[in-house]
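Have a look at work_20.pdb; it's PDB, C-alpha atoms:
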```pdb
ATOM      1  CA  MET J  92      10.715   0.247  12.906
ATOM      2  CA  ARG J  93      10.524   3.883  11.845
ATOM      3  CA  VAL J  94       8.111   5.293   9.277
ATOM      4  CA  GLY J  95       8.131   8.507   7.277
ATOM      5  CA  ILE J  96       5.183   9.535   5.107
ATOM      6  CA  VAL J  97       5.883  11.361   1.842
ATOM      7  CA  PRO J  98       2.771  12.477  -0.102
ATOM      8  CA  VAL J  99       3.297  12.058  -3.853
ATOM      9  CA  THR J 100       1.418  12.707  -7.104
ATOM     10  CA  PRO J 101      -1.389  15.260  -7.536
ATOM     11  CA  LEU J 102      -3.610  12.852  -5.561
ATOM     12  CA  GLN J 103      -1.379  13.253  -2.469
ATOM     13  CA  GLN J 104      -0.859   9.529  -2.129
ATOM     14  CA  ASN J 105       0.880   8.533   1.101
ATOM     15  CA  CYS J 106       4.133   6.853   0.109
ATOM     16  CA  SER J 107       5.714   5.349   3.232
ATOM     17  CA  LEU J 108       9.439   5.111   3.828
ATOM     18  CA  ILE J 109       9.931   2.371   6.392
ATOM     19  CA  TRP J 110      13.215   1.278   7.892
ATOM     20  CA  CYS J 111      14.831  -0.974  10.434
ATOM     21  CA  THR J 112      16.502   1.191  13.068
ATOM     22  CA  LYS J 113      19.049  -1.539  13.814
ATOM     23  CA  THR J 114      20.357  -1.872  10.240
ATOM     24  CA  LEU J 115      19.198   1.409   8.622
ATOM     25  CA  ARG J 116      17.930  -0.660   5.721
ATOM     26  CA  GLY J 117      14.556   0.327   4.365
ATOM     27  CA  ALA J 118      11.847   0.136   1.738
ATOM     28  CA  LEU J 119       9.483   2.485  -0.026
ATOM     29  CA  VAL J 120       5.851   1.423   0.040
ATOM     30  CA  ASP J 121       3.844   2.638  -2.984
ATOM     31  CA  PRO J 122       6.288   5.054  -4.682
ATOM     32  CA  GLY J 123       3.737   6.182  -7.255
ATOM     33  CA  GLY J 124       5.531   9.325  -8.471
ATOM     34  CA  ASP J 125       7.590  12.400  -7.552
ATOM     35  CA  LEU J 126      10.703  10.236  -7.545
ATOM     36  CA  ASP J 127      13.115  13.129  -6.917
ATOM     37  CA  LYS J 128      11.136  14.023  -3.802
ATOM     38  CA  LEU J 129      11.311  10.426  -2.603
ATOM     39  CA  LYS J 130      15.038  10.114  -3.257
ATOM     40  CA  ALA J 131      15.637  13.322  -1.305
ATOM     41  CA  ALA J 132      13.624  11.998   1.636
ATOM     42  CA  VAL J 133      15.612   8.767   1.650
ATOM     43  CA  ALA J 134      18.917  10.659   1.458
ATOM     44  CA  LYS J 135      17.880  12.860   4.383
ATOM     45  CA  THR J 136      17.336   9.827   6.635
ATOM     46  CA  GLY J 137      20.523   8.049   5.599
ATOM     47  CA  VAL J 138      18.531   4.873   4.986
ATOM     48  CA  GLU J 139      19.791   2.322   2.452
ATOM     49  CA  LEU J 140      16.874   1.138   0.336
ATOM     50  CA  GLU J 141      16.731  -2.593  -0.273
ATOM     51  CA  LYS J 142      13.338  -3.021  -1.951
ATOM     52  CA  ILE J 143      10.053  -1.506  -3.075
ATOM     53  CA  LEU J 144       6.731  -2.758  -1.706
ATOM     54  CA  VAL J 145       3.441  -2.254  -3.555
ATOM     55  CA  THR J 146      -0.059  -2.547  -2.084
ATOM     56  CA  HIS J 147      -1.988  -2.467  -5.354
ATOM     57  CA  GLY J 148      -1.789  -1.653  -9.032
ATOM     58  CA  HIS J 149      -3.307   1.824  -9.315
ATOM     59  CA  LEU J 150      -1.344   4.590 -10.995
ATOM     60  CA  ASP J 151      -0.930   6.879  -7.983
ATOM     61  CA  HIS J 152       0.478   4.005  -5.926
ATOM     62  CA  CYS J 153       2.837   2.298  -8.361
ATOM     63  CA  GLY J 154       2.861   4.152 -11.668
ATOM     64  CA  GLN J 155       6.572   4.924 -11.320
ATOM     65  CA  ALA J 156       7.618   2.024  -9.082
ATOM     66  CA  GLY J 157       9.151   0.186 -12.026
ATOM     67  CA  ILE J 158      11.082   3.274 -13.075
ATOM     68  CA  LEU J 159      12.494   3.729  -9.575
ATOM     69  CA  ALA J 160      13.338   0.040  -9.262
ATOM     70  CA  ARG J 161      15.291   0.148 -12.521
ATOM     71  CA  GLU J 162      17.123   3.363 -11.596
ATOM     72  CA  LEU J 163      18.184   2.101  -8.158
ATOM     73  CA  GLY J 164      18.534  -1.602  -8.899
ATOM     74  CA  LEU J 165      15.839  -2.612  -6.384
ATOM     75  CA  PRO J 166      13.444  -5.566  -6.392
ATOM     76  CA  ILE J 167       9.682  -5.020  -6.225
ATOM     77  CA  GLU J 168       7.507  -7.176  -3.967
ATOM     78  CA  GLY J 169       3.728  -7.081  -4.302
ATOM     79  CA  PRO J 170       0.927  -6.774  -4.932
ATOM     80  CA  HIS J 171      -1.078 -10.006  -5.349
ATOM     81  CA  GLU J 172      -1.069 -11.261  -8.940
ATOM     82  CA  ASP J 173      -4.795 -10.549  -9.267
ATOM     83  CA  ASP J 174      -3.703  -6.925  -9.882
ATOM     84  CA  ARG J 175      -1.786  -7.817 -13.039
ATOM     85  CA  PHE J 176      -4.719  -6.259 -14.942
ATOM     86  CA  TRP J 177      -4.074  -2.862 -13.340
ATOM     87  CA  ILE J 178      -0.302  -2.967 -13.640
ATOM     88  CA  SER J 179      -0.601  -3.759 -17.353
ATOM     89  CA  ARG J 180      -2.601  -0.523 -17.803
ATOM     90  CA  LEU J 181      -0.161   1.874 -16.133
ATOM     91  CA  GLU J 182       1.117   3.468 -19.354
ATOM     92  CA  ASP J 183      -2.412   4.033 -20.654
ATOM     93  CA  ASP J 184      -3.647   5.313 -17.301
ATOM     94  CA  GLY J 185      -0.666   7.657 -17.106
ATOM     95  CA  ARG J 186      -1.534   9.210 -20.454
ATOM     96  CA  ARG J 187      -5.176   9.471 -19.420
ATOM     97  CA  TYR J 188      -4.335  11.354 -16.227
ATOM     98  CA  GLY J 189      -1.375  13.375 -17.493
ATOM     99  CA  SER J 190       1.216  11.478 -15.480
ATOM    100  CA  ARG J 191       4.015   9.116 -16.415
ATOM    101  CA  GLY J 192       3.231   5.479 -15.768
ATOM    102  CA  GLU J 193       5.161   2.362 -16.667
ATOM    103  CA  SER J 194       4.116  -1.270 -16.368
ATOM    104  CA  PHE J 195       6.411  -3.640 -14.515
ATOM    105  CA  GLU J 196       6.703  -7.260 -13.446
ATOM    106  CA  PRO J 197       7.233  -7.576  -9.689
ATOM    107  CA  ASP J 198      10.149  -9.713  -8.605
ATOM    108  CA  ARG J 199       7.700 -11.370  -6.252
ATOM    109  CA  TRP J 200       3.928 -11.512  -6.327
ATOM    110  CA  LEU J 201       2.484 -11.811  -2.827
ATOM    111  CA  VAL J 202      -0.362 -13.833  -1.342
ATOM    112  CA  GLY J 203      -2.066 -13.634   2.013
ATOM    113  CA  GLY J 204       0.035 -15.284   4.713
ATOM    114  CA  ASP J 205       3.344 -14.331   3.085
ATOM    115  CA  THR J 206       5.916 -12.245   4.925
ATOM    116  CA  VAL J 207       8.283  -9.588   3.621
ATOM    117  CA  THR J 208      11.484  -8.486   5.302
ATOM    118  CA  VAL J 209      13.057  -5.037   5.581
ATOM    119  CA  GLY J 210      16.398  -5.142   7.359
ATOM    120  CA  GLU J 211      15.659  -7.283  10.404
ATOM    121  CA  LEU J 212      11.939  -6.430  10.353
ATOM    122  CA  THR J 213       9.334  -8.965   9.274
ATOM    123  CA  LEU J 214       5.960  -7.755   8.011
ATOM    124  CA  ASP J 215       2.898  -9.922   7.456
ATOM    125  CA  VAL J 216       1.051  -9.763   4.149
ATOM    126  CA  VAL J 217      -2.758  -9.610   4.323
ATOM    127  CA  HIS J 218      -4.666  -9.991   1.049
ATOM    128  CA  CYS J 219      -7.556  -7.495   1.131
ATOM    129  CA  PRO J 220      -9.456  -7.496  -2.180
ATOM    130  CA  GLY J 221     -12.310  -5.158  -3.007
ATOM    131  CA  HIS J 222     -10.763  -1.831  -4.028
ATOM    132  CA  THR J 223      -8.724  -3.916  -6.453
ATOM    133  CA  PRO J 224      -8.691  -7.725  -6.565
ATOM    134  CA  GLY J 225      -4.993  -8.017  -5.739
ATOM    135  CA  HIS J 226      -4.707  -5.428  -2.979
ATOM    136  CA  VAL J 227      -2.447  -6.358  -0.057
ATOM    137  CA  VAL J 228      -1.821  -4.782   3.347
ATOM    138  CA  PHE J 229       1.535  -4.821   5.160
ATOM    139  CA  PHE J 230       1.350  -5.351   8.933
ATOM    140  CA  HIS J 231       4.199  -5.121  11.450
ATOM    141  CA  ALA J 232       2.846  -6.877  14.519
ATOM    142  CA  PRO J 233       5.565  -5.813  17.018
ATOM    143  CA  SER J 234       4.900  -2.126  16.238
ATOM    144  CA  ARG J 235       1.102  -2.578  15.981
ATOM    145  CA  PHE J 236       1.319  -0.769  12.650
ATOM    146  CA  ALA J 237      -0.136  -1.358   9.186
ATOM    147  CA  MET J 238       0.071   0.194   5.735
ATOM    148  CA  VAL J 239      -3.355  -0.396   4.221
ATOM    149  CA  GLY J 240      -3.221   1.385   0.859
ATOM    150  CA  ASP J 241      -6.707   2.238  -0.353
ATOM    151  CA  VAL J 242      -8.584  -0.418   1.630
ATOM    152  CA  LEU J 243      -9.451   1.801   4.586
ATOM    153  CA  PHE J 244      -9.242   5.511   5.418
ATOM    154  CA  ALA J 245      -9.925   7.663   8.439
ATOM    155  CA  GLY J 246     -13.718   7.883   8.232
ATOM    156  CA  SER J 247     -14.074   6.117   4.897
ATOM    157  CA  ILE J 248     -13.214   3.056   2.786
ATOM    158  CA  GLY J 249     -11.772   2.495  -0.677
ATOM    159  CA  ARG J 250     -13.780   3.043  -3.824
ATOM    160  CA  THR J 251     -15.170  -0.060  -5.472
ATOM    161  CA  ASP J 252     -16.576   1.460  -8.673
ATOM    162  CA  PHE J 253     -13.370   0.896 -10.662
ATOM    163  CA  PRO J 254     -13.052  -2.170 -12.932
ATOM    164  CA  LEU J 255     -12.808  -5.404 -10.905
ATOM    165  CA  GLY J 256     -13.801  -3.612  -7.705
ATOM    166  CA  ASN J 257     -16.210  -5.398  -5.357
ATOM    167  CA  HIS J 258     -17.904  -3.658  -2.445
ATOM    168  CA  GLN J 259     -18.788  -6.777  -0.468
ATOM    169  CA  ASP J 260     -15.275  -8.163  -0.860
ATOM    170  CA  LEU J 261     -13.914  -4.918   0.574
ATOM    171  CA  ILE J 262     -16.257  -4.944   3.570
ATOM    172  CA  ASP J 263     -15.400  -8.590   4.232
ATOM    173  CA  ALA J 264     -11.651  -7.939   3.947
ATOM    174  CA  ILE J 265     -11.785  -5.083   6.444
ATOM    175  CA  THR J 266     -13.995  -6.787   8.997
ATOM    176  CA  GLN J 267     -12.623 -10.329   8.686
ATOM    177  CA  ARG J 268      -8.932  -9.687   8.007
ATOM    178  CA  LEU J 269      -8.065  -6.268   9.459
ATOM    179  CA  TRP J 270     -10.241  -5.931  12.556
ATOM    180  CA  PRO J 271      -8.910  -9.202  14.057
ATOM    181  CA  LEU J 272      -5.391  -7.692  14.031
ATOM    182  CA  GLY J 273      -6.494  -5.513  16.966
ATOM    183  CA  ASP J 274      -8.083  -2.181  17.832
ATOM    184  CA  ASP J 275      -4.694  -0.807  18.900
ATOM    185  CA  VAL J 276      -3.220  -1.041  15.391
ATOM    186  CA  THR J 277      -2.324   2.343  13.886
ATOM    187  CA  PHE J 278      -2.563   2.485  10.103
ATOM    188  CA  VAL J 279      -1.348   4.699   7.286
ATOM    189  CA  PRO J 280      -3.979   4.863   4.542
ATOM    190  CA  GLY J 281      -3.265   5.585   0.896
ATOM    191  CA  HIS J 282      -4.527   9.156   1.330
ATOM    192  CA  GLY J 283      -5.241  11.410   4.289
ATOM    193  CA  PRO J 284      -4.447  11.139   7.994
ATOM    194  CA  THR J 285      -3.546   8.068  10.003
ATOM    195  CA  SER J 286      -6.020   6.417  12.351
ATOM    196  CA  THR J 287      -6.441   3.208  14.342
ATOM    197  CA  PHE J 288      -8.586   0.181  13.666
ATOM    198  CA  GLY J 289     -10.320   0.775  16.997
ATOM    199  CA  GLU J 290     -11.235   4.341  16.081
ATOM    200  CA  GLU J 291     -12.647   3.188  12.750
ATOM    201  CA  ARG J 292     -14.646   0.448  14.420
ATOM    202  CA  ARG J 293     -16.143   3.101  16.697
ATOM    203  CA  THR J 294     -16.796   5.854  14.150
ATOM    204  CA  ASN J 295     -16.446   4.771  10.518
ATOM    205  CA  PRO J 296     -19.841   5.190   8.799
ATOM    206  CA  PHE J 297     -19.112   2.341   6.347
ATOM    207  CA  VAL J 298     -17.442  -0.389   8.410
ATOM    208  CA  GLY J 299     -17.860   0.721  12.012
ATOM    209  CA  ASP J 300     -19.515  -1.745  14.372
ATOM    210  CA  ALA J 301     -22.648   0.408  14.572
ATOM    211  CA  ALA J 302     -22.881   0.784  10.804
ATOM    212  CA  LEU J 303     -22.748  -2.968  10.285
ATOM    213  CA  ALA J 304     -24.931  -3.962  13.227
TER
END
```
Kindly present the structure from the file in structure tokens form.
Amino acid sequence: MRVGIVPVTPLQQNCSLIWCTKTLRGALVDPGGDLDKLKAAVAKTGVELEKILVTHGHLDHCGQAGILARELGLPIEGPHEDDRFWISRLEDDGRRYGSRGESFEPDRWLVGGDTVTVGELTLDVVHCPGHTPGHVVFFHAPSRFAMVGDVLFAGSIGRTDFPLGNHQDLIDAITQRLWPLGDDVTFVPGHGPTSTFGEERRTNPFVGDAALA
């Protein structure tokens, strides 16, 4: 598996272009905006997109996913259906924040324990509510790599003060569903630099082992 990170929207949201090196078939994870920039990045790699993956329903992560899916004839997989509330608000949220947003119906809602395929790659779906109720994480075990959206950041965690957010759910999701995947897992967060679960367990002031002891 190869991964390219393309920051999009004024919030510099990390959209990931992932692809199978054997087949050169790929997916965009959280194409929230700047679609021309994303198309150029895909063209530069020579990857053939086969789907769009979405971690959660916030505007910067999926506001233009439906537009891109329609333009390119791609299916959308994710998030968990508990984020239908957020996806239904994308037009209104777009107007509120001066960005284009469009609601969509995923071709496949995901639940924890599902898998998604990209080329010959298989990624595990981990349901991690808290930042939003339907947030999912995509984990590629052979590469020890995860795309965690806004669940976890280098040195921080996702906000839980938005509607339907829940702080305890987020803490539980990180410690009970992400940490068991292994300290050696590298992750791309929704914003900012990459890190590893082990580094966050050592140093994160919100969910590190010392913070929760």
Selection result of the PyMOL selection byres ((chain J and resi 163) around 12) on this file, as a JSON list (two decimals) with C-alpha atoms, in the coordinates of the input:
```json
[["chain", "number", "residue", "atom", "x", "y", "z"],
["J", 118, "ALA", "CA", 11.85, 0.14, 1.74],
["J", 119, "LEU", "CA", 9.48, 2.48, -0.03],
["J", 126, "LEU", "CA", 10.70, 10.24, -7.54],
["J", 130, "LYS", "CA", 15.04, 10.11, -3.26],
["J", 139, "GLU", "CA", 19.79, 2.32, 2.45],
["J", 140, "LEU", "CA", 16.87, 1.14, 0.34],
["J", 141, "GLU", "CA", 16.73, -2.59, -0.27],
["J", 142, "LYS", "CA", 13.34, -3.02, -1.95],
["J", 143, "ILE", "CA", 10.05, -1.51, -3.08],
["J", 156, "ALA", "CA", 7.62, 2.02, -9.08],
["J", 157, "GLY", "CA", 9.15, 0.19, -12.03],
["J", 158, "ILE", "CA", 11.08, 3.27, -13.08],
["J", 159, "LEU", "CA", 12.49, 3.73, -9.57],
["J", 160, "ALA", "CA", 13.34, 0.04, -9.26],
["J", 161, "ARG", "CA", 15.29, 0.15, -12.52],
["J", 162, "GLU", "CA", 17.12, 3.36, -11.60],
["J", 164, "GLY", "CA", 18.53, -1.60, -8.90],
["J", 165, "LEU", "CA", 15.84, -2.61, -6.38],
["J", 166, "PRO", "CA", 13.44, -5.57, -6.39],
["J", 167, "ILE", "CA", 9.68, -5.02, -6.22]]
```
Exercise. Output the residue selection produced by the PyMOL selection byres ((chain J and resi 241) around 12) on the file above, formatted as number ranges by chain.
Key: J: 104-106, 121, 145-149, 151-152, 219-228, 238-240, 242-245, 247-251, 256, 261, 265, 278-283
Exercise. Fewer than 4 positions away in the same chain doesn't count, so skip those; otherwise give me all residues within 12 Å of Asp127 (chain J), counting all atoms listed in the file, as a PyMOL selection string.
Key: chain J and resi 97+99-100+122-123+131-134+155+158-159+162
Take the residues from that selection and write them out as a PDB file, keeping the file's coordinate frame, keeping C-alpha atoms.
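Saved result, out.pdb, follows:
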```
ATOM      1  CA  VAL J  97       5.883  11.361   1.842  1.00  0.00           C
ATOM      2  CA  VAL J  99       3.297  12.058  -3.853  1.00  0.00           C
ATOM      3  CA  THR J 100       1.418  12.707  -7.104  1.00  0.00           C
ATOM      4  CA  PRO J 122       6.288   5.054  -4.682  1.00  0.00           C
ATOM      5  CA  GLY J 123       3.737   6.182  -7.255  1.00  0.00           C
ATOM      6  CA  ALA J 131      15.637  13.322  -1.305  1.00  0.00           C
ATOM      7  CA  ALA J 132      13.624  11.998   1.636  1.00  0.00           C
ATOM      8  CA  VAL J 133      15.612   8.767   1.650  1.00  0.00           C
ATOM      9  CA  ALA J 134      18.917  10.659   1.458  1.00  0.00           C
ATOM     10  CA  GLN J 155       6.572   4.924 -11.320  1.00  0.00           C
ATOM     11  CA  ILE J 158      11.082   3.274 -13.075  1.00  0.00           C
ATOM     12  CA  LEU J 159      12.494   3.729  -9.575  1.00  0.00           C
ATOM     13  CA  GLU J 162      17.123   3.363 -11.596  1.00  0.00           C
TER      14      GLU J 162
END
```
Exercise. Would you list the contacts of Pro233 (chain J) as a PyMOL selection string, taking every protein, DNA or RNA residue within 10 Å and counting all atoms listed in the file, but skipping same-chain residues closer than 5 positions in sequence?
Key: chain J and resi 92+212-214
Self-check item: Who sits within 8 Å of Thr287 (chain J), all atoms listed in the file, same chain under 4 positions skipped, as an NGL selection string
Solution: :J and (274-278 or 291)
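From CA of Val298 (chain J) back to CA of Thr266 (chain J), the distance works out to 7.3 Å.
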Hey, can I get the axis-aligned box for region 261-273 of chain J? All listed atoms, 8 Å padding on each side, centre and edge lengths in Å to one decimal, as lines of an AutoDock Vina configuration file.
```
center_x = -10.8
center_y = -7.6
center_z = 8.8
size_x = 26.9
size_y = 21.4
size_z = 32.4
```
Quiz item: Which is closer to Asp184 (chain J) than all the others in J:Ala264, J:Val209, J:Cys153, J:Val202, using all atoms listed in the file?
Solution: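 Closest residue, counting all atoms listed in the file: J:Cys153.
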Practice problem: Please write the residues picked by the PyMOL selection byres ((chain J and resi 169) around 7) on this file as an NGL selection string. | Solution: :J and (144-146 or 167-168 or 170-171 or 197 or 199-201)
Practice problem: Mind giving me the straight-line distance from CA of Gly117 (chain J) to CA of Ala237 (chain J) in Å, one decimal? | Solution: 15.6 Å
Rebuild N, CA and C atoms on region 92-117 of chain J, as a compact mmCIF listing (two decimals), keeping the file's coordinate frame?
```txt
# COMPACT_ATOMS: atom_id res chain seq x y z
N MET J 92 11.08 -0.26 14.23
CA MET J 92 10.72 0.25 12.91
C MET J 92 10.40 1.74 12.98
N ARG J 93 10.88 2.48 12.00
CA ARG J 93 10.52 3.88 11.84
C ARG J 93 9.79 4.04 10.52
N VAL J 94 8.91 5.04 10.47
CA VAL J 94 8.11 5.29 9.28
C VAL J 94 8.08 6.79 8.99
N GLY J 95 8.32 7.14 7.74
CA GLY J 95 8.13 8.51 7.28
C GLY J 95 7.13 8.51 6.15
N ILE J 96 6.22 9.46 6.14
CA ILE J 96 5.18 9.54 5.11
C ILE J 96 5.51 10.68 4.16
N VAL J 97 5.57 10.36 2.86
CA VAL J 97 5.88 11.36 1.84
C VAL J 97 4.73 11.39 0.83
N PRO J 98 3.86 12.41 0.88
CA PRO J 98 2.77 12.48 -0.10
C PRO J 98 3.32 12.72 -1.51
N VAL J 99 2.83 11.94 -2.47
CA VAL J 99 3.30 12.06 -3.85
C VAL J 99 2.11 12.09 -4.81
N THR J 100 2.37 12.57 -6.00
CA THR J 100 1.42 12.71 -7.10
C THR J 100 0.37 13.78 -6.78
N PRO J 101 -0.34 14.27 -7.79
CA PRO J 101 -1.39 15.26 -7.54
C PRO J 101 -2.49 14.75 -6.60
N LEU J 102 -2.59 13.43 -6.45
CA LEU J 102 -3.61 12.85 -5.56
C LEU J 102 -3.14 12.75 -4.12
N GLN J 103 -1.92 13.26 -3.84
CA GLN J 103 -1.38 13.25 -2.47
C GLN J 103 -1.46 11.85 -1.86
N GLN J 104 -0.89 10.92 -2.57
CA GLN J 104 -0.86 9.53 -2.13
C GLN J 104 0.25 9.36 -1.09
N ASN J 105 -0.08 8.70 0.01
CA ASN J 105 0.88 8.53 1.10
C ASN J 105 1.89 7.43 0.78
N CYS J 106 3.04 7.80 0.25
CA CYS J 106 4.13 6.85 0.11
C CYS J 106 4.84 6.76 1.46
N SER J 107 5.05 5.54 1.93
CA SER J 107 5.71 5.35 3.23
C SER J 107 7.16 4.89 3.03
N LEU J 108 8.07 5.57 3.72
CA LEU J 108 9.44 5.11 3.83
C LEU J 108 9.56 4.42 5.18
N ILE J 109 9.80 3.12 5.15
CA ILE J 109 9.93 2.37 6.39
C ILE J 109 11.36 1.87 6.50
N TRP J 110 11.87 1.81 7.75
CA TRP J 110 13.22 1.28 7.89
C TRP J 110 13.43 0.62 9.24
N CYS J 111 14.39 -0.26 9.25
CA CYS J 111 14.83 -0.97 10.43
C CYS J 111 15.87 -0.11 11.13
N THR J 112 15.59 0.29 12.36
CA THR J 112 16.50 1.19 13.07
C THR J 112 17.83 0.51 13.41
N LYS J 113 17.83 -0.81 13.48
CA LYS J 113 19.05 -1.54 13.81
C LYS J 113 20.03 -1.57 12.64
N THR J 114 19.49 -1.72 11.42
CA THR J 114 20.36 -1.87 10.24
C THR J 114 20.36 -0.65 9.33
N LEU J 115 19.40 0.26 9.51
CA LEU J 115 19.20 1.41 8.62
C LEU J 115 18.95 0.98 7.18
N ARG J 116 18.36 -0.20 7.04
CA ARG J 116 17.93 -0.66 5.72
C ARG J 116 16.42 -0.48 5.63
N GLY J 117 15.96 -0.04 4.45
CA GLY J 117 14.56 0.33 4.36
C GLY J 117 13.90 -0.03 3.05
```
